[in-house]
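The structure appears below as structure tokens.
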Number of protein chains: 2
Amino acid sequence: MLRSAQRLADIAPFHVVELLTRARQLESEGRDIIHMEVGEPDFATPAPIVNAAVDALNRGKTLYTQALGLPELRQAISDFYRQRYGVAVPAARIAVTNGASGALNLAFACLADPGNEWLLADPGYPCNRHILRTYEGRPVAIPVGAQSNFQPTPAQVASAWNENTAGLLVASPANPTGTLLTLPEITALADVCRARAGHFLVDEIYHGLTYETDAPTACAAGDDIWVINSFSKYFQMTGWRLGWMVIPEAFVRDVEKLAQNLVLCPSTPAQYAALAAFQPETIAILEERRAEFRRRRDFLAPALEGIGLAVVARPEGAFYLYCDCSAVAADSFALARELLEEAGVAATPGLDFGTNAPEKYIRFAYTTGVDRLAEAVERLRRHFGR
Amino acid sequence: MLRSAQRLADIAPFHVVELLTRARQLESEGRDIIHMEVGEPDFATPAPIVNAAVDALNRGKTLYTQALGLPELRQAISDFYRQRYGVAVPAARIAVTNGASGALNLAFACLADPGNEWLLADPGYPCNRHILRTYEGRPVAIPVGAQSNFQPTPAQVASAWNENTAGLLVASPANPTGTLLTLPEITALADVCRARAGHFLVDEIYHGLTYETDAPTACAAGDDIWVINSFSKYFQMTGWRLGWMVIPEAFVRDVEKLAQNLVLCPSTPAQYAALAAFQPETIAILEERRAEFRRRRDFLAPALEGIGLAVVARPEGAFYLYCDCSAVAADSFALARELLEEAGVAATPGLDFGTNAPEKYIRFAYTTGVDRLAEAVERLRRHFGR
Ligand SMILES: Cc1ncc(COP(=O)(O)O)c(C=O)c1O
Ligand SMILES: Cc1ncc(COP(=O)(O)O)c(C=O)c1O
């Protein structure tokens, strides 16, 4: 009799969780599983960040902060934009949030009118369309593939736009593919949105985790762009739930009203911890770990290619390889189960990233050491008989 | 040209923040302000909880957890219901959330269909109607007053119900009044909702902070009731952003899907910290602090009465006194400004709690020591010339 809101019919769980549950069961039976489905760094948070938290806790820093975050953290993030990117982003435009997740929620709560359409890349980060749907916006998928390096093109955006379209969200580096947008590409996408009086949001959560060039920030392409980021990935603070958002000035007050009412404030211990995130000794640790991710990628990409798993997207960032598995399997979801059961390797099927030929793709995360990656490749080689 | 979603027109900021900004300015000019507007305990988080967090951080517990929280924390909360209330609440029905705020967001994201109406007490916690509005539900105020101890009655709920009504949310102890619902009262309200196939949500965030009797939990009135709670107030973990929700079984899966997509997981360090919240040594500290809140209330309530600020609601819990100030001022908002500027006392005007004669009421929080409360009373006495 009692039922959930209609939106729940459109909100999918993560399919990989089902695989994970099975993986845990196999592990409890003594099987060794190599986890390549995990979307977070395998490193614990760097010591200077942890120490800053402990220090703050010992000083009793456990009360609510202002809704948009500690002024000194907003300033530290502003300084980071100046130092790392050479871009001026005033602290007043920065909101500290419950991870990039919290930023995406606030952005869509602020911008999504019921029934309005938003353009999202498919494959893409699956939560986007569900967050948007929760605020009664309508996600519209732009299918992206190898020909555009798995990023939407200005032409695609222009042709998908109609009078109900409210905006566009992209990610660079992207999940699940790790591909980047250049600054001219970001600018071109921004121009398409501007010409249509649409909003443009760029998710930069994997910034810092790039292995060819540094990713340009969309903040350099205009102060009308919403830029989402997080302490989760490069700063390795996933479980702390801390991120931020750069907001076009005209919307800061509305986001603040929403934050006051929906979240009260981001985690206080996490905010004090994050004050240490930009210090040179922390950055030194993070850059070492970045080099380690790079080594893993450089090992894994050719190894997977060698056994018939084509790395179709240029994996310039994040810690994922998105592979076309159609040469070795008809359906990536069945393949993911099979690899788990028979080879003891967990990976994420395309199904979790959208509806654009998901059966052809499978995502491998290099969030485990090279020795384990080598073991995984060996198991896959045996499995496919190559 | 670019604008926010329409809902933003209905989302109010906290009026008290304006006063707070002015208070900070006065303080920076050297003025002494007594803060009685603050909705959080003035105690730092108890040491055993902090120590548990530090210990977990040192063990590298900084990764994502499952979306509904650590299984051992969900179990600890379940055990707490058995021990403290003698009620069986299976861990599987418990979601750990980003504070009660996160719980309210997930509940309304799960239940609120666009245009459906929800009944809320006025005066009440202001965020409720804004959270609801964000998910496109329509808040409908039930005016409550001294005759029903500032809680909605079954008769009011029945008469406010129409074919668009989806449910009812109450709080016990309530904010801003501190009044309680008895178990028969909760049951009677639940029955009204049941008879109309409506949802019933009870916010129990101020449980533990009661000074006459312990508050009964709505979990004892049926497993079809949504019960919201938090580590913020009794456990004094406001800034950690951790709470929980007891969910009717049929909705657990939908809340889990939402949590996976909207928040990923609650704060990991906070969850490990909270594992220590139910330990006897922590409870001993909390009960001492509860006694301190009681002493403050017992001092402040008669003192305010003595200077013409009638405590109209029976303040059985929380840490607020909701006073009728119509004997001393025509408009509580003007009064709040005046008290700040002229007496150096900050309090929260009724305006922040709804539209039910807000100009008549002002809320004083006893979240500061008795010596400061006495000084505040002295200042008010002088101000009113009593
Ligand atoms: C592209 C992308 N955006 C946002 C998020 C959310 O991360 P968090 O909320 O931990 O910052 C993720 C997490 O995997 C992601 O991959
Ligand atoms: C009645 C009530 N519910 C919910 C909340 C939210 O608190 P939190 O998110 O810190 O648990 C508050 C905070 O003041 C409150 O007064």
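Identifiers in the structure tokens: chain A, B, ... in order shown; residue index from 1 per chain; ligand index from 1 in order shown.
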When DSSP is applied to the backbone of this structure, which of region 156-316 of chain B are assigned strand (DSSP E)? Write them out as a PDB file with C-alpha atoms, in the first residue's frame.
```
ATOM      1  CA  THR B 165      -1.468  14.299   1.712  1.00  0.00           C
ATOM      2  CA  ALA B 166       1.397  11.807   1.832  1.00  0.00           C
ATOM      3  CA  GLY B 167       2.405  11.896   5.468  1.00  0.00           C
ATOM      4  CA  LEU B 168       3.270  13.577   8.737  1.00  0.00           C
ATOM      5  CA  LEU B 169       6.576  14.527  10.373  1.00  0.00           C
ATOM      6  CA  VAL B 170       6.812  15.363  14.076  1.00  0.00           C
ATOM      7  CA  ALA B 171       9.707  15.830  16.486  1.00  0.00           C
ATOM      8  CA  HIS B 199       3.760   7.846   6.019  1.00  0.00           C
ATOM      9  CA  PHE B 200       4.700   8.791   9.575  1.00  0.00           C
ATOM     10  CA  LEU B 201       8.141  10.166  10.439  1.00  0.00           C
ATOM     11  CA  VAL B 202       9.365  10.981  13.932  1.00  0.00           C
ATOM     12  CA  ASP B 203      12.498  13.048  14.550  1.00  0.00           C
ATOM     13  CA  TRP B 226      10.368   6.183  10.112  1.00  0.00           C
ATOM     14  CA  VAL B 227      12.515   7.233  13.073  1.00  0.00           C
ATOM     15  CA  ILE B 228      15.266   9.816  12.643  1.00  0.00           C
ATOM     16  CA  ASN B 229      18.060  10.337  15.132  1.00  0.00           C
ATOM     17  CA  SER B 230      21.574  11.742  15.302  1.00  0.00           C
ATOM     18  CA  GLY B 243      23.083  10.360  12.413  1.00  0.00           C
ATOM     19  CA  TRP B 244      20.833   7.447  11.659  1.00  0.00           C
ATOM     20  CA  MET B 245      17.375   6.439  10.538  1.00  0.00           C
ATOM     21  CA  VAL B 246      15.200   3.446  11.330  1.00  0.00           C
ATOM     22  CA  ALA B 310       6.568  33.552  29.464  1.00  0.00           C
ATOM     23  CA  VAL B 311       7.830  30.012  28.847  1.00  0.00           C
TER      24      VAL B 311
END
```
Quiz item: ligand 2: which residues are within 10 Å, counting only C-alpha atoms and all ligand atoms, as a PyMOL selection string?
Solution: (chain A and resi 63-64+261-265) or (chain B and resi 38-40+97-105+124-128+170-178+202-206+228-233+236-244+318-320)
Practice problem: Go through region 225-290 of chain B and collect every residue that DSSP, computed from the backbone, puts in helix (DSSP H, G or I); the answer should be as a PyMOL selection string. | Solution: chain B and resi 238-240+249-262+268-274+280-290
Please dump the current selection as an mmCIF file, in the first residue's frame; keep N, CA and C atoms.
```cif
data_model
loop_
_atom_site.group_PDB
_atom_site.id
_atom_site.type_symbol
_atom_site.label_atom_id
_atom_site.label_comp_id
_atom_site.auth_asym_id
_atom_site.auth_seq_id
_atom_site.Cartn_x
_atom_site.Cartn_y
_atom_site.Cartn_z
ATOM 1 N N THR B 238 28.041 17.208 16.877
ATOM 2 C CA THR B 238 27.460 18.020 15.791
ATOM 3 C C THR B 238 28.336 18.084 14.534
ATOM 4 N N GLY B 239 29.589 18.524 14.720
ATOM 5 C CA GLY B 239 30.450 18.775 13.562
ATOM 6 C C GLY B 239 30.878 17.525 12.807
ATOM 7 N N TRP B 240 30.660 16.357 13.391
ATOM 8 C CA TRP B 240 31.071 15.117 12.726
ATOM 9 C C TRP B 240 30.107 14.724 11.615
ATOM 10 N N GLU B 249 10.825 -1.779 6.833
ATOM 11 C CA GLU B 249 11.578 -2.764 6.058
ATOM 12 C C GLU B 249 11.387 -2.651 4.542
ATOM 13 N N ALA B 250 10.156 -2.395 4.126
ATOM 14 C CA ALA B 250 9.875 -2.367 2.687
ATOM 15 C C ALA B 250 10.622 -1.251 1.962
ATOM 16 N N PHE B 251 11.145 -0.294 2.695
ATOM 17 C CA PHE B 251 11.813 0.851 2.061
ATOM 18 C C PHE B 251 13.334 0.833 2.182
ATOM 19 N N VAL B 252 13.864 -0.153 2.868
ATOM 20 C CA VAL B 252 15.312 -0.175 3.107
ATOM 21 C C VAL B 252 16.091 -0.210 1.789
ATOM 22 N N ARG B 253 15.627 -1.037 0.880
ATOM 23 C CA ARG B 253 16.335 -1.181 -0.395
ATOM 24 C C ARG B 253 16.344 0.139 -1.175
ATOM 25 N N ASP B 254 15.225 0.845 -1.156
ATOM 26 C CA ASP B 254 15.170 2.120 -1.884
ATOM 27 C C ASP B 254 16.071 3.168 -1.228
ATOM 28 N N VAL B 255 16.075 3.214 0.096
ATOM 29 C CA VAL B 255 16.974 4.164 0.769
ATOM 30 C C VAL B 255 18.423 3.801 0.455
ATOM 31 N N GLU B 256 18.714 2.507 0.404
ATOM 32 C CA GLU B 256 20.086 2.094 0.084
ATOM 33 C C GLU B 256 20.489 2.553 -1.324
ATOM 34 N N LYS B 257 19.587 2.377 -2.273
ATOM 35 C CA LYS B 257 19.883 2.836 -3.640
ATOM 36 C C LYS B 257 20.167 4.336 -3.655
ATOM 37 N N LEU B 258 19.342 5.082 -2.933
ATOM 38 C CA LEU B 258 19.545 6.531 -2.877
ATOM 39 C C LEU B 258 20.882 6.869 -2.223
ATOM 40 N N ALA B 259 21.180 6.198 -1.105
ATOM 41 C CA ALA B 259 22.430 6.493 -0.399
ATOM 42 C C ALA B 259 23.635 6.174 -1.289
ATOM 43 N N GLN B 260 23.575 5.062 -2.009
ATOM 44 C CA GLN B 260 24.676 4.697 -2.922
ATOM 45 C C GLN B 260 24.926 5.800 -3.946
ATOM 46 N N ASN B 261 23.870 6.392 -4.411
ATOM 47 C CA ASN B 261 23.993 7.368 -5.481
ATOM 48 C C ASN B 261 24.185 8.803 -5.004
ATOM 49 N N LEU B 262 23.549 9.167 -3.899
ATOM 50 C CA LEU B 262 23.573 10.570 -3.466
ATOM 51 C C LEU B 262 24.708 10.888 -2.506
ATOM 52 N N THR B 268 33.611 8.025 7.416
ATOM 53 C CA THR B 268 34.233 6.839 8.002
ATOM 54 C C THR B 268 34.846 7.127 9.376
ATOM 55 N N PRO B 269 35.682 8.178 9.521
ATOM 56 C CA PRO B 269 36.193 8.454 10.874
ATOM 57 C C PRO B 269 35.062 8.675 11.882
ATOM 58 N N ALA B 270 34.028 9.369 11.481
ATOM 59 C CA ALA B 270 32.905 9.610 12.396
ATOM 60 C C ALA B 270 32.232 8.302 12.798
ATOM 61 N N GLN B 271 32.120 7.383 11.847
ATOM 62 C CA GLN B 271 31.482 6.100 12.176
ATOM 63 C C GLN B 271 32.321 5.313 13.182
ATOM 64 N N TYR B 272 33.631 5.308 12.983
ATOM 65 C CA TYR B 272 34.465 4.605 13.966
ATOM 66 C C TYR B 272 34.401 5.296 15.315
ATOM 67 N N ALA B 273 34.364 6.623 15.298
ATOM 68 C CA ALA B 273 34.211 7.376 16.548
ATOM 69 C C ALA B 273 32.925 6.959 17.259
ATOM 70 N N ALA B 274 31.842 6.891 16.490
ATOM 71 C CA ALA B 274 30.520 6.637 17.079
ATOM 72 C C ALA B 274 30.421 5.249 17.692
ATOM 73 N N PRO B 280 29.789 2.422 28.260
ATOM 74 C CA PRO B 280 29.421 2.951 29.575
ATOM 75 C C PRO B 280 30.197 4.206 29.971
ATOM 76 N N GLU B 281 31.502 4.255 29.672
ATOM 77 C CA GLU B 281 32.258 5.439 30.112
ATOM 78 C C GLU B 281 31.805 6.691 29.353
ATOM 79 N N THR B 282 31.396 6.513 28.089
ATOM 80 C CA THR B 282 30.867 7.662 27.345
ATOM 81 C C THR B 282 29.514 8.085 27.916
ATOM 82 N N ILE B 283 28.661 7.101 28.110
ATOM 83 C CA ILE B 283 27.313 7.404 28.632
ATOM 84 C C ILE B 283 27.423 8.127 29.971
ATOM 85 N N ALA B 284 28.392 7.728 30.795
ATOM 86 C CA ALA B 284 28.571 8.393 32.095
ATOM 87 C C ALA B 284 28.860 9.885 31.908
ATOM 88 N N ILE B 285 29.714 10.211 30.948
ATOM 89 C CA ILE B 285 30.016 11.621 30.661
ATOM 90 C C ILE B 285 28.767 12.334 30.158
ATOM 91 N N LEU B 286 28.056 11.677 29.254
ATOM 92 C CA LEU B 286 26.872 12.307 28.660
ATOM 93 C C LEU B 286 25.790 12.549 29.713
ATOM 94 N N GLU B 287 25.661 11.621 30.651
ATOM 95 C CA GLU B 287 24.624 11.786 31.678
ATOM 96 C C GLU B 287 24.975 12.926 32.637
ATOM 97 N N GLU B 288 26.281 13.115 32.889
ATOM 98 C CA GLU B 288 26.692 14.284 33.680
ATOM 99 C C GLU B 288 26.324 15.581 32.967
ATOM 100 N N ARG B 289 26.556 15.570 31.673
ATOM 101 C CA ARG B 289 26.258 16.781 30.899
ATOM 102 C C ARG B 289 24.754 16.993 30.799
ATOM 103 N N ARG B 290 24.013 15.910 30.736
ATOM 104 C CA ARG B 290 22.559 16.029 30.747
ATOM 105 C C ARG B 290 22.110 16.712 32.043
#
```
Quiz item: Please, what distance in Å, to one decimal, runs between CA of Leu106 (chain A) and CA of Glu18 (chain A)?
Solution: 28.8 Å
Self-check item: Contact residues around Ser148 (chain A) with only C-alpha atoms at 12 Å, ignoring same-chain residues under 4 positions, as number ranges by chain
Solution: A: 121, 142-144, 152-156, 177, 179-181, 185, 312-314
Practice problem: Enter the distance from CA of Thr134 (chain A) to atom 6 (C, counted along the ligand's line) of ligand 1, in Å, rounded to one decimal. | Solution: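 These two atoms are separated by 16.0 Å.
Here the question is which of A:Gln147, A:Asn51, A:Thr355, A:Thr213 gets nearest to chain B using only C-alpha atoms, and that residue is A:Asn51.
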Quiz item: Hey, what's within 10 Å of Ala334 (chain A) if we count only C-alpha atoms and toss same-chain stuff fewer than 6 positions away? As a list in words, please?
Solution: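 Answer for this query is Leu340, Pro349 and Glu359 of chain A.
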Write out the residues from the selection above, keeping C-alpha atoms, as a PDB file, in the first residue's frame.
```pdb
ATOM      1  CA  LEU A 340      35.073 -13.318 -10.556  1.00  0.00           C
ATOM      2  CA  PRO A 349      30.839  -4.152 -16.110  1.00  0.00           C
ATOM      3  CA  GLU A 359      27.737  -5.081 -22.856  1.00  0.00           C
TER       4      GLU A 359
END
```
Quiz prompt | Residue among A:Phe333, A:Phe293, A:Tyr234, A:Phe364 lying closest to ligand 1, counting only C-alpha atoms and all ligand atoms | solution =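 Answer, going by the shortest atom-to-atom distance: A:Tyr234.
Minimum atom-to-atom distance to ligand 1, evaluated using only C-alpha atoms and all ligand atoms, belongs to A:Val96 out of A:Ile11, A:Val140, A:Ala56, A:Val96.
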Quiz item: Which is closer to ligand 1 than all the others in B:Ile131, B:Pro139, B:Ser267, B:Arg22, using only C-alpha atoms and all ligand atoms?
Solution: B:Ser267
Quiz prompt | Between CA of Gln279 (chain A) and CA of Asn58 (chain B) - distance in Å to one decimal | solution = 20.0 Å
Quiz prompt | Closest of B:Thr187, B:Leu309, B:Val157, B:Pro266 to ligand 1 - atom-to-atom distances counting only C-alpha atoms and all ligand atoms | solution =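 That would be B:Pro266, the residue with the smallest distance to ligand 1.
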Practice problem: Determine, counting only C-alpha atoms, which protein, DNA and RNA residues have an atom within 10 Å of an atom of His383 (chain B); residues of the same chain fewer than 6 positions away are not included. Present the result as an MDAnalysis selection string. | Solution: chainID B and resid 307 338:339 342:343 377
Quiz item: For Pro358 (chain A), which residue out of A:Gly115, A:Gly145, A:Pro46, A:Pro71 is the nearest one, using only C-alpha atoms?
Solution: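 Answer, going by the shortest atom-to-atom distance: A:Gly145.
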Quiz prompt | Selection: 9 Å around Gln75 (chain A), only C-alpha atoms, excl. self and same-chain fewer than 2 positions, as number ranges by chain | solution = A: 70-73, 77-80, 90-92, 94
